[in-house]
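Trainee: For reference, the file input-v6.txt (compact mmCIF, C-alpha atoms and all ligand atoms) is included below:
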```txt
# COMPACT_ATOMS: atom_id res chain seq x y z
CA MET A 25 -99.13 -23.56 -5.84
CA HIS A 26 -95.73 -25.02 -6.40
CA ASN A 27 -94.04 -21.74 -5.71
CA ARG A 28 -95.25 -21.75 -2.13
CA GLU A 29 -93.23 -23.59 0.44
CA HIS A 30 -94.67 -27.01 1.11
CA PRO A 31 -94.92 -28.05 4.79
CA GLY A 32 -92.45 -30.83 3.99
CA GLY A 33 -90.01 -28.19 2.78
CA LEU A 34 -90.42 -26.27 6.01
CA TYR A 35 -89.74 -29.43 7.94
CA HIS A 36 -86.60 -30.30 5.95
CA ARG A 37 -85.33 -26.72 6.20
CA LEU A 38 -85.90 -26.39 9.94
CA VAL A 39 -84.25 -29.69 10.71
CA ARG A 40 -81.30 -28.68 8.56
CA GLN A 41 -80.98 -25.23 10.10
CA LEU A 42 -81.33 -26.40 13.67
CA LEU A 43 -79.11 -29.39 13.55
CA ARG A 44 -76.31 -28.23 11.30
CA PRO A 45 -73.06 -28.62 13.21
CA GLN A 46 -71.01 -25.48 13.70
CA PRO A 47 -68.21 -25.24 11.10
CA GLN A 48 -65.41 -26.52 13.34
CA GLY A 49 -62.74 -27.15 10.76
CA SER A 50 -65.02 -28.88 8.30
CA PRO A 51 -64.94 -27.53 4.78
CA GLU A 52 -67.50 -24.88 4.04
CA GLY A 53 -70.76 -26.28 2.70
CA SER A 54 -70.11 -29.85 3.80
CA GLU A 55 -70.79 -31.67 7.01
CA VAL A 56 -69.50 -34.68 8.80
CA CYS A 57 -72.11 -37.36 9.18
CA THR A 58 -71.85 -40.63 11.01
CA THR A 59 -75.29 -42.03 10.50
CA HIS A 60 -75.04 -43.52 7.07
CA ASN A 61 -72.61 -45.69 5.17
CA ARG A 62 -69.90 -47.14 7.30
CA GLY A 63 -67.39 -44.83 8.87
CA GLN A 64 -67.19 -41.07 8.62
CA THR A 65 -68.45 -39.52 5.46
CA THR A 66 -68.43 -35.99 4.22
CA CYS A 67 -71.94 -35.18 3.20
CA PRO A 68 -72.84 -32.92 0.33
CA PRO A 69 -74.39 -29.54 1.09
CA GLY A 70 -78.08 -29.95 1.73
CA HIS A 71 -77.65 -33.25 3.53
CA LEU A 72 -80.19 -33.46 6.30
CA HIS A 73 -79.17 -34.10 9.85
CA HIS A 74 -81.71 -35.94 11.84
CA PRO A 75 -83.18 -34.69 15.12
CA MET A 76 -81.96 -37.84 16.78
CA LEU A 77 -78.40 -36.65 16.40
CA GLN A 78 -79.03 -34.48 19.37
CA GLU A 79 -77.62 -34.93 22.80
CA GLY A 80 -77.68 -38.37 24.31
CA HIS A 81 -78.22 -40.35 21.15
CA LYS A 82 -75.71 -42.63 19.54
CA ASP A 83 -75.80 -43.57 15.90
CA HIS A 84 -76.54 -47.09 14.68
CA GLN A 85 -72.90 -48.11 15.12
CA GLY A 86 -72.73 -46.83 18.67
CA HIS A 87 -70.65 -43.78 17.70
CA GLN A 88 -71.16 -40.56 19.55
CA PRO A 89 -72.83 -38.09 17.19
CA PRO A 90 -71.40 -34.66 16.35
CA GLU A 91 -71.39 -31.99 19.05
CA PRO A 92 -75.01 -31.45 20.14
CA LEU A 93 -76.61 -28.21 19.19
CA PRO A 94 -78.68 -26.09 21.51
CA VAL A 95 -82.33 -26.62 20.63
CA HIS A 96 -84.69 -23.79 21.31
CA PRO A 97 -87.31 -24.78 23.92
CA ALA A 98 -90.09 -23.53 21.61
CA ILE A 99 -89.02 -26.09 19.06
CA ILE A 100 -89.20 -28.90 21.59
CA GLN A 101 -92.73 -27.81 22.44
CA LYS A 102 -93.70 -28.07 18.79
CA ALA A 103 -92.04 -31.42 18.27
CA ARG A 104 -94.34 -34.27 17.45
CA GLY A 105 -94.41 -37.67 19.02
CA ARG A 106 -96.65 -40.54 17.97
CA GLY A 107 -99.43 -39.68 20.40
CA SER A 108 -99.62 -36.10 19.22
CA LEU A 109 -99.55 -37.03 15.50
CA ARG A 110 -102.18 -39.70 16.02
CA LYS A 111 -104.39 -37.35 18.02
CA ASN A 112 -104.12 -34.75 15.28
CA LEU A 113 -105.33 -37.21 12.68
CA VAL A 114 -108.25 -38.27 14.87
CA SER A 115 -109.33 -34.66 15.51
CA PHE A 116 -108.55 -33.37 12.01
CA LYS A 117 -111.26 -31.43 10.21
CA PRO A 118 -110.54 -29.90 6.81
CA ALA A 119 -109.98 -26.14 6.92
CA CYS A 120 -112.15 -25.83 3.80
CA ARG A 121 -115.57 -26.31 5.34
CA SER A 122 -117.16 -27.49 2.11
CA LEU A 123 -115.05 -30.63 2.45
CA ASN A 124 -116.62 -33.37 4.57
CA ARG A 125 -113.53 -35.48 4.33
CA VAL A 126 -110.20 -35.61 2.53
CA ARG A 127 -110.00 -38.17 -0.28
CA VAL A 128 -106.44 -39.13 -1.13
CA LEU A 129 -105.68 -41.15 -4.27
CA LEU A 130 -102.66 -43.46 -4.26
CA MET A 131 -101.15 -44.04 -7.68
CA GLY A 132 -98.06 -46.01 -8.59
CA PRO A 133 -96.73 -49.11 -10.30
CA ALA A 134 -97.74 -52.59 -9.12
CA GLY A 135 -95.82 -53.56 -6.01
CA SER A 136 -94.88 -50.00 -5.05
CA GLY A 137 -96.76 -50.29 -1.76
CA LYS A 138 -100.09 -48.52 -2.30
CA SER A 139 -102.20 -51.16 -0.58
CA SER A 140 -99.53 -51.65 2.08
CA PHE A 141 -99.63 -47.94 2.91
CA ILE A 142 -103.38 -48.11 3.50
CA ASN A 143 -102.88 -51.20 5.60
CA SER A 144 -100.02 -49.57 7.50
CA VAL A 145 -101.95 -46.40 8.33
CA ARG A 146 -104.84 -48.53 9.59
CA SER A 147 -102.37 -50.61 11.58
CA VAL A 148 -100.97 -47.48 13.24
CA MET A 149 -104.45 -46.43 14.26
CA PHE A 150 -105.43 -49.88 15.55
CA GLY A 151 -102.10 -50.39 17.33
CA ARG A 152 -101.46 -53.75 15.69
CA VAL A 153 -100.42 -54.91 12.23
CA LEU A 154 -103.48 -55.86 10.20
CA LEU A 155 -103.31 -58.80 7.87
CA LEU A 156 -105.48 -57.92 4.91
CA PRO A 157 -105.82 -59.90 1.70
CA PHE A 158 -105.18 -57.15 -0.83
CA ILE A 159 -101.40 -56.89 -0.40
CA GLY A 160 -98.92 -58.96 -2.32
CA THR A 161 -95.91 -59.28 -4.54
CA ALA A 162 -97.76 -60.18 -7.73
CA THR A 163 -96.27 -58.34 -10.67
CA LYS A 164 -99.74 -57.49 -11.93
CA GLY A 165 -101.60 -55.12 -9.57
CA PHE A 166 -104.23 -56.93 -7.51
CA ILE A 167 -106.55 -53.98 -7.33
CA LYS A 168 -108.56 -53.48 -10.50
CA LYS A 169 -111.37 -51.47 -8.93
CA LEU A 170 -111.62 -48.05 -7.38
CA LYS A 171 -111.77 -48.80 -3.68
CA SER A 172 -111.91 -46.24 -0.88
CA TYR A 173 -110.86 -46.98 2.67
CA ASP A 174 -111.96 -44.82 5.55
CA ILE A 175 -109.30 -44.57 8.22
CA ARG A 176 -110.88 -45.20 11.60
CA SER A 177 -109.49 -43.97 14.88
CA GLU A 178 -109.63 -47.53 16.27
CA ARG A 179 -111.31 -50.82 15.49
CA GLY A 180 -115.04 -50.17 15.27
CA GLY A 181 -114.34 -46.50 16.08
CA LYS A 182 -115.38 -43.32 14.33
CA PRO A 183 -113.87 -42.73 10.89
CA THR A 184 -111.31 -39.93 10.80
CA ALA A 185 -111.66 -37.30 8.06
CA LEU A 186 -109.18 -39.23 5.91
CA THR A 187 -110.11 -41.63 3.11
CA LEU A 188 -107.38 -43.42 1.17
CA CYS A 189 -108.29 -44.58 -2.34
CA ASP A 190 -106.63 -47.50 -4.08
CA VAL A 191 -106.79 -47.97 -7.86
CA LEU A 192 -105.40 -50.12 -10.62
CA ALA A 193 -101.61 -49.80 -10.77
CA LEU A 194 -99.89 -47.53 -13.26
CA GLY A 195 -98.28 -49.38 -16.14
CA ASP A 196 -95.50 -48.42 -18.50
CA GLY A 197 -97.14 -45.99 -20.87
CA GLU A 198 -100.84 -45.86 -21.77
CA ARG A 199 -101.14 -49.45 -23.00
CA THR A 200 -101.18 -51.16 -19.60
CA GLY A 201 -102.53 -50.24 -16.19
CA LEU A 202 -104.38 -47.10 -15.17
CA THR A 203 -104.75 -44.75 -18.14
CA LEU A 204 -104.45 -40.98 -17.94
CA THR A 205 -108.12 -40.63 -18.93
CA ASP A 206 -109.27 -42.94 -16.14
CA ALA A 207 -106.93 -41.40 -13.55
CA LEU A 208 -108.32 -37.94 -14.31
CA ALA A 209 -111.89 -39.26 -14.25
CA VAL A 210 -111.27 -40.60 -10.74
CA ILE A 211 -109.59 -37.40 -9.60
CA LYS A 212 -112.41 -35.20 -10.92
CA GLY A 213 -114.99 -37.42 -9.20
CA TYR A 214 -116.70 -38.90 -12.30
CA ALA A 215 -115.82 -42.50 -11.47
CA PRO A 216 -118.15 -44.31 -9.07
CA GLU A 217 -116.89 -46.24 -6.08
CA GLY A 218 -116.12 -49.82 -7.11
CA HIS A 219 -115.58 -48.90 -10.76
CA ASP A 220 -113.95 -51.80 -12.57
CA PHE A 221 -111.12 -50.44 -14.73
CA GLN A 222 -110.99 -51.80 -18.27
CA GLY A 223 -108.16 -50.41 -20.36
CA GLU A 224 -110.17 -50.70 -23.56
CA ALA A 225 -113.27 -49.01 -22.07
CA PRO A 226 -112.29 -45.64 -20.62
CA ILE A 227 -114.60 -43.98 -18.09
CA LYS A 228 -117.24 -41.97 -19.92
CA ALA A 229 -120.84 -40.78 -19.55
CA GLU A 230 -122.16 -44.26 -20.42
CA THR A 231 -120.09 -45.95 -17.69
CA PRO A 232 -122.45 -47.44 -15.05
CA GLY A 233 -122.61 -45.18 -12.01
CA TYR A 234 -120.89 -42.29 -13.82
CA ARG A 235 -121.33 -39.02 -11.93
CA PRO A 236 -121.96 -36.29 -14.51
CA VAL A 237 -121.82 -33.47 -11.95
CA PRO A 238 -119.51 -34.56 -9.14
CA SER A 239 -119.55 -32.57 -5.92
CA ILE A 240 -116.37 -31.34 -4.24
CA ASN A 241 -116.72 -34.32 -1.89
CA ASP A 242 -116.70 -36.82 -4.76
CA GLN A 243 -113.37 -35.48 -6.01
CA ILE A 244 -109.85 -36.41 -5.01
CA HIS A 245 -108.21 -33.78 -2.82
CA CYS A 246 -104.62 -34.99 -2.93
CA ALA A 247 -102.81 -37.16 -5.47
CA VAL A 248 -100.05 -39.31 -4.03
CA PHE A 249 -97.49 -40.98 -6.27
CA VAL A 250 -96.29 -44.13 -4.54
CA LEU A 251 -92.81 -45.20 -5.65
CA ASN A 252 -90.52 -47.96 -4.49
CA ALA A 253 -87.13 -46.68 -3.29
CA CYS A 254 -85.46 -49.95 -4.42
CA GLN A 255 -86.54 -49.42 -8.01
CA ILE A 256 -86.52 -45.67 -8.32
CA MET A 257 -83.09 -45.52 -9.99
CA TYR A 258 -84.30 -47.86 -12.75
CA THR A 259 -87.57 -46.11 -13.56
CA SER A 260 -88.33 -46.67 -17.25
CA ASP A 261 -88.70 -43.76 -19.63
CA ASP A 262 -92.30 -44.79 -20.25
CA LEU A 263 -93.20 -44.74 -16.57
CA THR A 264 -91.38 -41.43 -16.10
CA GLU A 265 -93.42 -39.94 -18.92
CA THR A 266 -96.67 -41.29 -17.47
CA LEU A 267 -95.85 -39.84 -14.05
CA ARG A 268 -94.84 -36.45 -15.41
CA THR A 269 -97.90 -36.19 -17.64
CA LEU A 270 -100.14 -37.05 -14.69
CA GLN A 271 -98.30 -34.58 -12.49
CA ALA A 272 -98.74 -31.76 -15.01
CA GLU A 273 -102.45 -32.54 -15.55
CA ILE A 274 -103.12 -32.72 -11.81
CA ALA A 275 -101.22 -29.47 -11.21
CA ASP A 276 -103.56 -27.82 -13.74
CA LEU A 277 -106.50 -28.94 -11.60
CA ASP A 278 -104.96 -27.20 -8.55
CA ILE A 279 -104.87 -30.43 -6.61
CA PRO A 280 -101.92 -30.92 -4.26
CA GLN A 281 -99.54 -33.78 -5.03
CA VAL A 282 -96.85 -35.55 -3.05
CA VAL A 283 -94.61 -38.55 -3.55
CA LEU A 284 -94.60 -41.37 -1.04
CA LEU A 285 -91.27 -43.15 -1.22
CA THR A 286 -91.77 -46.67 0.16
CA HIS A 287 -89.45 -49.61 0.86
CA VAL A 288 -86.94 -47.21 2.47
CA ASP A 289 -85.89 -50.04 4.80
CA GLN A 290 -84.56 -51.96 1.82
CA VAL A 291 -82.08 -49.40 0.52
CA CYS A 292 -80.06 -48.43 3.59
CA HIS A 293 -78.77 -50.63 6.44
CA ALA A 294 -79.14 -47.88 9.01
CA VAL A 295 -82.75 -47.25 8.03
CA GLN A 296 -83.43 -50.96 8.07
CA GLU A 297 -82.19 -51.04 11.65
CA ASP A 298 -84.23 -48.03 12.61
CA VAL A 299 -86.27 -45.69 10.44
CA LYS A 300 -85.25 -42.78 12.63
CA PHE A 301 -82.17 -42.53 10.37
CA VAL A 302 -84.32 -41.84 7.36
CA TYR A 303 -83.44 -38.16 7.08
CA SER A 304 -79.74 -38.67 7.72
CA SER A 305 -79.12 -41.41 5.18
CA ARG A 306 -77.25 -40.15 2.15
CA ILE A 307 -78.37 -43.14 0.11
CA LEU A 308 -81.94 -42.27 0.87
CA GLN A 309 -81.33 -38.63 0.13
CA GLU A 310 -80.26 -39.66 -3.38
CA LYS A 311 -83.36 -41.82 -3.82
CA MET A 312 -85.58 -38.96 -2.65
CA GLN A 313 -83.93 -36.63 -5.13
CA LYS A 314 -84.43 -39.15 -7.92
CA ALA A 315 -88.08 -39.69 -6.96
CA ALA A 316 -88.66 -35.94 -7.10
CA GLU A 317 -86.98 -35.76 -10.49
CA VAL A 318 -88.95 -38.70 -11.90
CA VAL A 319 -92.30 -37.13 -11.00
CA GLY A 320 -91.21 -33.54 -11.62
CA LEU A 321 -91.85 -32.19 -8.12
CA PRO A 322 -89.46 -30.54 -5.63
CA VAL A 323 -87.67 -32.91 -3.26
CA SER A 324 -89.53 -31.40 -0.30
CA TYR A 325 -92.67 -33.08 -1.70
CA VAL A 326 -91.14 -36.53 -1.24
CA LEU A 327 -92.23 -38.29 1.95
CA PRO A 328 -90.21 -41.38 2.87
CA VAL A 329 -92.13 -44.17 4.60
CA LYS A 330 -91.65 -47.74 5.60
CA ASN A 331 -94.78 -49.80 5.32
CA TYR A 332 -95.52 -52.71 7.61
CA SER A 333 -94.68 -55.73 5.49
CA SER A 334 -93.14 -58.52 7.56
CA GLU A 335 -93.60 -57.38 11.15
CA LEU A 336 -96.23 -58.74 13.47
CA SER A 337 -96.51 -55.68 15.68
CA VAL A 338 -96.32 -51.94 15.15
CA SER A 339 -93.24 -49.99 16.17
CA TYR A 340 -93.00 -46.45 17.46
CA ASN A 341 -90.65 -44.94 14.87
CA THR A 342 -92.32 -46.59 11.88
CA ASP A 343 -95.62 -45.20 13.16
CA ILE A 344 -94.08 -41.73 13.45
CA LEU A 345 -92.93 -41.76 9.85
CA LEU A 346 -96.29 -43.01 8.56
CA LEU A 347 -98.26 -40.51 10.63
CA SER A 348 -95.96 -37.70 9.62
CA ALA A 349 -96.56 -38.51 5.94
CA VAL A 350 -100.31 -38.45 6.58
CA HIS A 351 -99.92 -35.14 8.42
CA HIS A 352 -98.08 -33.56 5.46
CA ILE A 353 -100.74 -34.79 3.05
CA LEU A 354 -103.53 -33.26 5.15
CA GLN A 355 -101.60 -30.01 5.50
CA ALA A 356 -101.05 -29.84 1.75
CA VAL A 357 -104.81 -30.25 1.24
CA ASP A 358 -105.62 -27.54 3.77
CA ASP A 359 -103.08 -25.15 2.30
CA THR A 360 -104.45 -25.61 -1.20
CA TYR A 361 -108.18 -25.67 -0.51
CA GLU A 362 -108.20 -22.81 1.93
CA GLU A 363 -106.71 -20.66 -0.77
CA ASN A 364 -108.73 -21.94 -3.75
CA HIS A 365 -112.09 -22.41 -2.03
CA PRO A 366 -112.59 -19.55 0.45
CA PRO A 367 -115.45 -20.21 2.91
CA THR A 368 -119.00 -19.54 1.69
CA PRO A 369 -121.66 -18.03 4.00
CA ALA A 370 -123.11 -21.57 4.44
CA ASP A 371 -119.75 -22.76 5.69
CA ALA A 372 -119.79 -20.23 8.51
CA SER A 373 -122.42 -22.25 10.39
CA ALA A 374 -120.51 -25.54 9.98
CA GLU A 375 -118.29 -26.92 12.72
CA PRO A 376 -114.89 -25.18 12.77
CA PRO A 377 -111.76 -27.01 11.64
CA SER A 378 -109.54 -28.52 14.32
CA ALA A 379 -107.50 -25.74 15.86
CA GLU A 380 -105.06 -28.26 17.29
CA PHE A 381 -103.98 -29.37 13.82
CA HIS A 382 -103.58 -25.91 12.35
CA ASN A 383 -101.99 -24.09 15.26
CA LYS A 384 -99.01 -26.37 15.41
CA PRO A 385 -96.50 -26.05 12.61
CA SER A 386 -94.85 -29.36 11.84
CA ASN A 387 -91.31 -29.01 12.95
CA LEU A 388 -89.38 -31.85 14.46
CA LEU A 389 -90.48 -35.40 14.79
CA ILE A 390 -89.73 -37.13 18.04
CA PHE A 391 -88.53 -40.63 17.40
CA ASP A 392 -88.08 -43.15 20.12
N1 LIG A 401 -89.79 -54.00 3.08
C1 LIG A 401 -90.86 -53.36 2.62
N2 LIG A 401 -91.78 -54.03 1.90
C2 LIG A 401 -92.86 -53.34 1.45
C3 LIG A 401 -93.04 -51.95 1.73
N3 LIG A 401 -94.20 -51.56 1.15
C4 LIG A 401 -94.72 -52.65 0.55
N4 LIG A 401 -93.92 -53.72 0.72
C5 LIG A 401 -94.12 -55.07 0.18
O1 LIG A 401 -94.17 -54.95 -1.24
C6 LIG A 401 -95.13 -55.84 -1.79
C7 LIG A 401 -96.13 -55.08 -2.66
O2 LIG A 401 -96.87 -54.22 -1.83
P1 LIG A 401 -98.38 -53.81 -2.19
O3 LIG A 401 -98.85 -52.90 -1.11
O4 LIG A 401 -99.23 -54.99 -2.48
O5 LIG A 401 -98.14 -52.97 -3.53
P2 LIG A 401 -99.22 -52.31 -4.50
O6 LIG A 401 -99.27 -53.18 -5.71
O7 LIG A 401 -98.69 -50.95 -4.83
O8 LIG A 401 -100.52 -52.23 -3.78
C8 LIG A 401 -95.77 -56.57 -0.62
O9 LIG A 401 -95.13 -57.82 -0.44
C9 LIG A 401 -95.46 -55.67 0.57
O10 LIG A 401 -95.38 -56.41 1.77
C10 LIG A 401 -92.04 -51.27 2.51
O11 LIG A 401 -92.09 -50.05 2.79
N5 LIG A 401 -90.97 -52.03 2.93
MG MG A 402 -102.32 -53.11 -4.32
```
Output the file's structure in the form of structure tokens.
Mentor:
Amino acid sequence: MHNREHPGGLYHRLVRQLLRPQPQGSPEGSEVCTTHNRGQTTCPPGHLHHPMLQEGHKDHQGHQPPEPLPVHPAIIQKARGRGSLRKNLVSFKPACRSLNRVRVLLMGPAGSGKSSFINSVRSVMFGRVLLLPFIGTATKGFIKKLKSYDIRSERGGKPTALTLCDVLALGDGERTGLTLTDALAVIKGYAPEGHDFQGEAPIKAETPGYRPVPSINDQIHCAVFVLNACQIMYTSDDLTETLRTLQAEIADLDIPQVVLLTHVDQVCHAVQEDVKFVYSSRILQEKMQKAAEVVGLPVSYVLPVKNYSSELSVSYNTDILLLSAVHHILQAVDDTYEENHPPTPADASAEPPSAEFHNKPSNLLIFD
């Protein structure tokens, strides 16, 4: 599946193609960018220009951006604002009709932002920042159990088709934290909800609540590696090996995988001011490349997000980035499962997947 273009790749490529300034005297293969670092910087080839560099928008220092490019009206139609992304999550139904819901497993070191991401996605849906007890800066992961969180459309509302699963944090190597055996047992659906991870007692047939024959709906449908952008450059060899081994094992199971790069507000001033600069920050581009390298996935599989951590209310652009990450995850699941699990005759009578979600390719994000 890794040879096919990931929706994230399509997004990156379209943004780059559409917003690349015409070569007016700039050296071939490099572009002038004003949205990151201070002053004018020549960006390396492949640097992404953000949609917000279009007409009428100034960068974070108040500079006028490069000459605006004509944007095709069809692209504007396909652009996604918060309302549209949110609506798509609410109405989402998996394309593979055997799937009742999409179970997404968040894996990463302690403090990388797994629990915060769950909290942030719920906050986006509820329209206010939730204060939940399972988030913190403790060096040891708080979560020791397998815990699944349904994402509801609003407080007390219907659950969407998305479930986010939190587990024990990954440690350095197999000696601490979530082991490879346990991670795979969760992914394959053998581990029961609420399973208490014990390093010395791996999940096996004798484990209470063990599911010997898990259904497709007990399994994990997307594995998400959650990594902290502040620490990505200092990833230990042990953690790198753990991540790559997991990545290779999960790829063998034909389960889609992405990387969620959190704490993006803490590595770049411009992004801290406004996350709309996330795709035009060269610093962040380097972190995204490193995150891809650490896990062993293409950079288009890396989704930058800023979790709600210190704010008291939600903000439009942070919501956009979070919802867009969710959108890519759901698309990756649909792309994979549609291909690997073609509909059965029984599926034909089930409710059809949401046309809204599938008819719209994800192109540009509309930030505030
Ligand atoms: N600034 C910032 N802080 C974050 C972000 N994500 C998480 N945090 C903070 O990092 C700490 C650890 O987050 P947590 O979600 O508990 O990590 P977990 O161990 O992976 O579940 C908490 O204090 C969060 O508020 C982020 O994107 N930006
Ligand atoms: Mg946690």
Trainee: What does the structure give for the distance between atom CA of Val326 of chain A and atom CA of Gln271 of chain A, in Å to one decimal?
Mentor: 13.5 Å
Trainee: From the options A:Lys171, A:Arg106, A:Arg127, A:Arg268, which residue's atoms come nearest to Lys212 of chain A, counting all atoms listed in the file?
Mentor: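 Counting all atoms listed in the file, the residue closest to Lys212 of chain A is A:Arg127.
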Trainee: What is the atom CA of Val288 of chain A-atom CA of Leu327 of chain A distance in Å, reported with one decimal?
Mentor: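 Rounded to one decimal, the two atoms are 10.4 Å apart.
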Trainee: How would you write as a list in words the residues that get within 10 Å of (-98.1, -47.1, -18.4) in the file's frame, counting only C-alpha atoms?
Mentor: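 Looking at atoms near the point gives Gly132, Pro133, Ala193, Leu194, Gly195, Asp196, Gly197, Glu198, Arg199, Thr200, Gly201, Leu202, Thr203, Leu204, Ser260, Asp262, Leu263, Thr264, Glu265, Thr266 and Leu267 of chain A.
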Trainee: Quote the spacing between atom CA of Arg125 of chain A and atom CA of Ala185 of chain A in Å to one decimal place.
Mentor: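 Separation of atom CA of Arg125 of chain A and atom CA of Ala185 of chain A: 4.6 Å.
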Trainee: Determine, for each residue of chain A having at least one atom at most 10 Å from an atom of ligand LIG 401 (chain A), the closest pair of atoms and their separation in Å to one decimal, counting all atoms listed in the file; order by chain and ascending number, as a Markdown table.
Mentor:
```
| residue | atom | partner | partner_atom | distance |
| --- | --- | --- | --- | --- |
| A:Leu130 | CA | A:LIG401 | O7 | 8.5 |
| A:Met131 | CA | A:LIG401 | O7 | 7.9 |
| A:Gly132 | CA | A:LIG401 | O7 | 6.2 |
| A:Pro133 | CA | A:LIG401 | O7 | 6.1 |
| A:Ala134 | CA | A:LIG401 | O6 | 3.8 |
| A:Gly135 | CA | A:LIG401 | O5 | 3.4 |
| A:Ser136 | CA | A:LIG401 | O7 | 3.9 |
| A:Gly137 | CA | A:LIG401 | O3 | 3.4 |
| A:Lys138 | CA | A:LIG401 | O7 | 3.8 |
| A:Ser139 | CA | A:LIG401 | O8 | 3.8 |
| A:Ser140 | CA | A:LIG401 | O3 | 3.5 |
| A:Phe141 | CA | A:LIG401 | O3 | 6.4 |
| A:Ile142 | CA | A:LIG401 | O3 | 8.0 |
| A:Asn143 | CA | A:LIG401 | O3 | 8.0 |
| A:Ser144 | CA | A:LIG401 | N3 | 8.8 |
| A:Pro157 | CA | A:LIG401 | O4 | 9.2 |
| A:Phe158 | CA | A:LIG401 | O4 | 6.5 |
| A:Ile159 | CA | A:LIG401 | O4 | 3.6 |
| A:Gly160 | CA | A:LIG401 | O4 | 4.0 |
| A:Thr161 | CA | A:LIG401 | O9 | 4.4 |
| A:Ala162 | CA | A:LIG401 | C7 | 7.4 |
| A:Thr163 | CA | A:LIG401 | O6 | 7.8 |
| A:Lys164 | CA | A:LIG401 | O6 | 7.6 |
| A:Gly165 | CA | A:LIG401 | O6 | 4.9 |
| A:Phe166 | CA | A:LIG401 | O6 | 6.5 |
| A:Ile167 | CA | A:LIG401 | O8 | 7.2 |
| A:Asp190 | CA | A:LIG401 | O8 | 7.7 |
| A:Val191 | CA | A:LIG401 | O8 | 8.6 |
| A:Leu192 | CA | A:LIG401 | O6 | 8.4 |
| A:Ala193 | CA | A:LIG401 | O6 | 6.5 |
| A:Leu194 | CA | A:LIG401 | O7 | 9.2 |
| A:Val250 | CA | A:LIG401 | O7 | 7.2 |
| A:Leu251 | CA | A:LIG401 | O7 | 8.3 |
| A:Asn252 | CA | A:LIG401 | N3 | 7.6 |
| A:Ala253 | CA | A:LIG401 | O11 | 8.5 |
| A:Cys254 | CA | A:LIG401 | N5 | 9.4 |
| A:Leu284 | CA | A:LIG401 | O11 | 9.8 |
| A:Leu285 | CA | A:LIG401 | O11 | 8.0 |
| A:Thr286 | CA | A:LIG401 | O11 | 4.3 |
| A:His287 | CA | A:LIG401 | O11 | 3.3 |
| A:Val288 | CA | A:LIG401 | O11 | 5.9 |
| A:Asp289 | CA | A:LIG401 | N5 | 5.8 |
| A:Gln290 | CA | A:LIG401 | N1 | 5.8 |
| A:Val291 | CA | A:LIG401 | N1 | 9.3 |
| A:Gln296 | CA | A:LIG401 | N1 | 8.6 |
| A:Pro328 | CA | A:LIG401 | O11 | 8.9 |
| A:Val329 | CA | A:LIG401 | O11 | 6.2 |
| A:Lys330 | CA | A:LIG401 | O11 | 3.7 |
| A:Asn331 | CA | A:LIG401 | O11 | 3.7 |
| A:Tyr332 | CA | A:LIG401 | C10 | 6.3 |
| A:Ser333 | CA | A:LIG401 | O10 | 3.8 |
| A:Ser334 | CA | A:LIG401 | O10 | 6.6 |
| A:Glu335 | CA | A:LIG401 | N1 | 9.5 |
| A:Thr342 | CA | A:LIG401 | O11 | 9.7 |
```
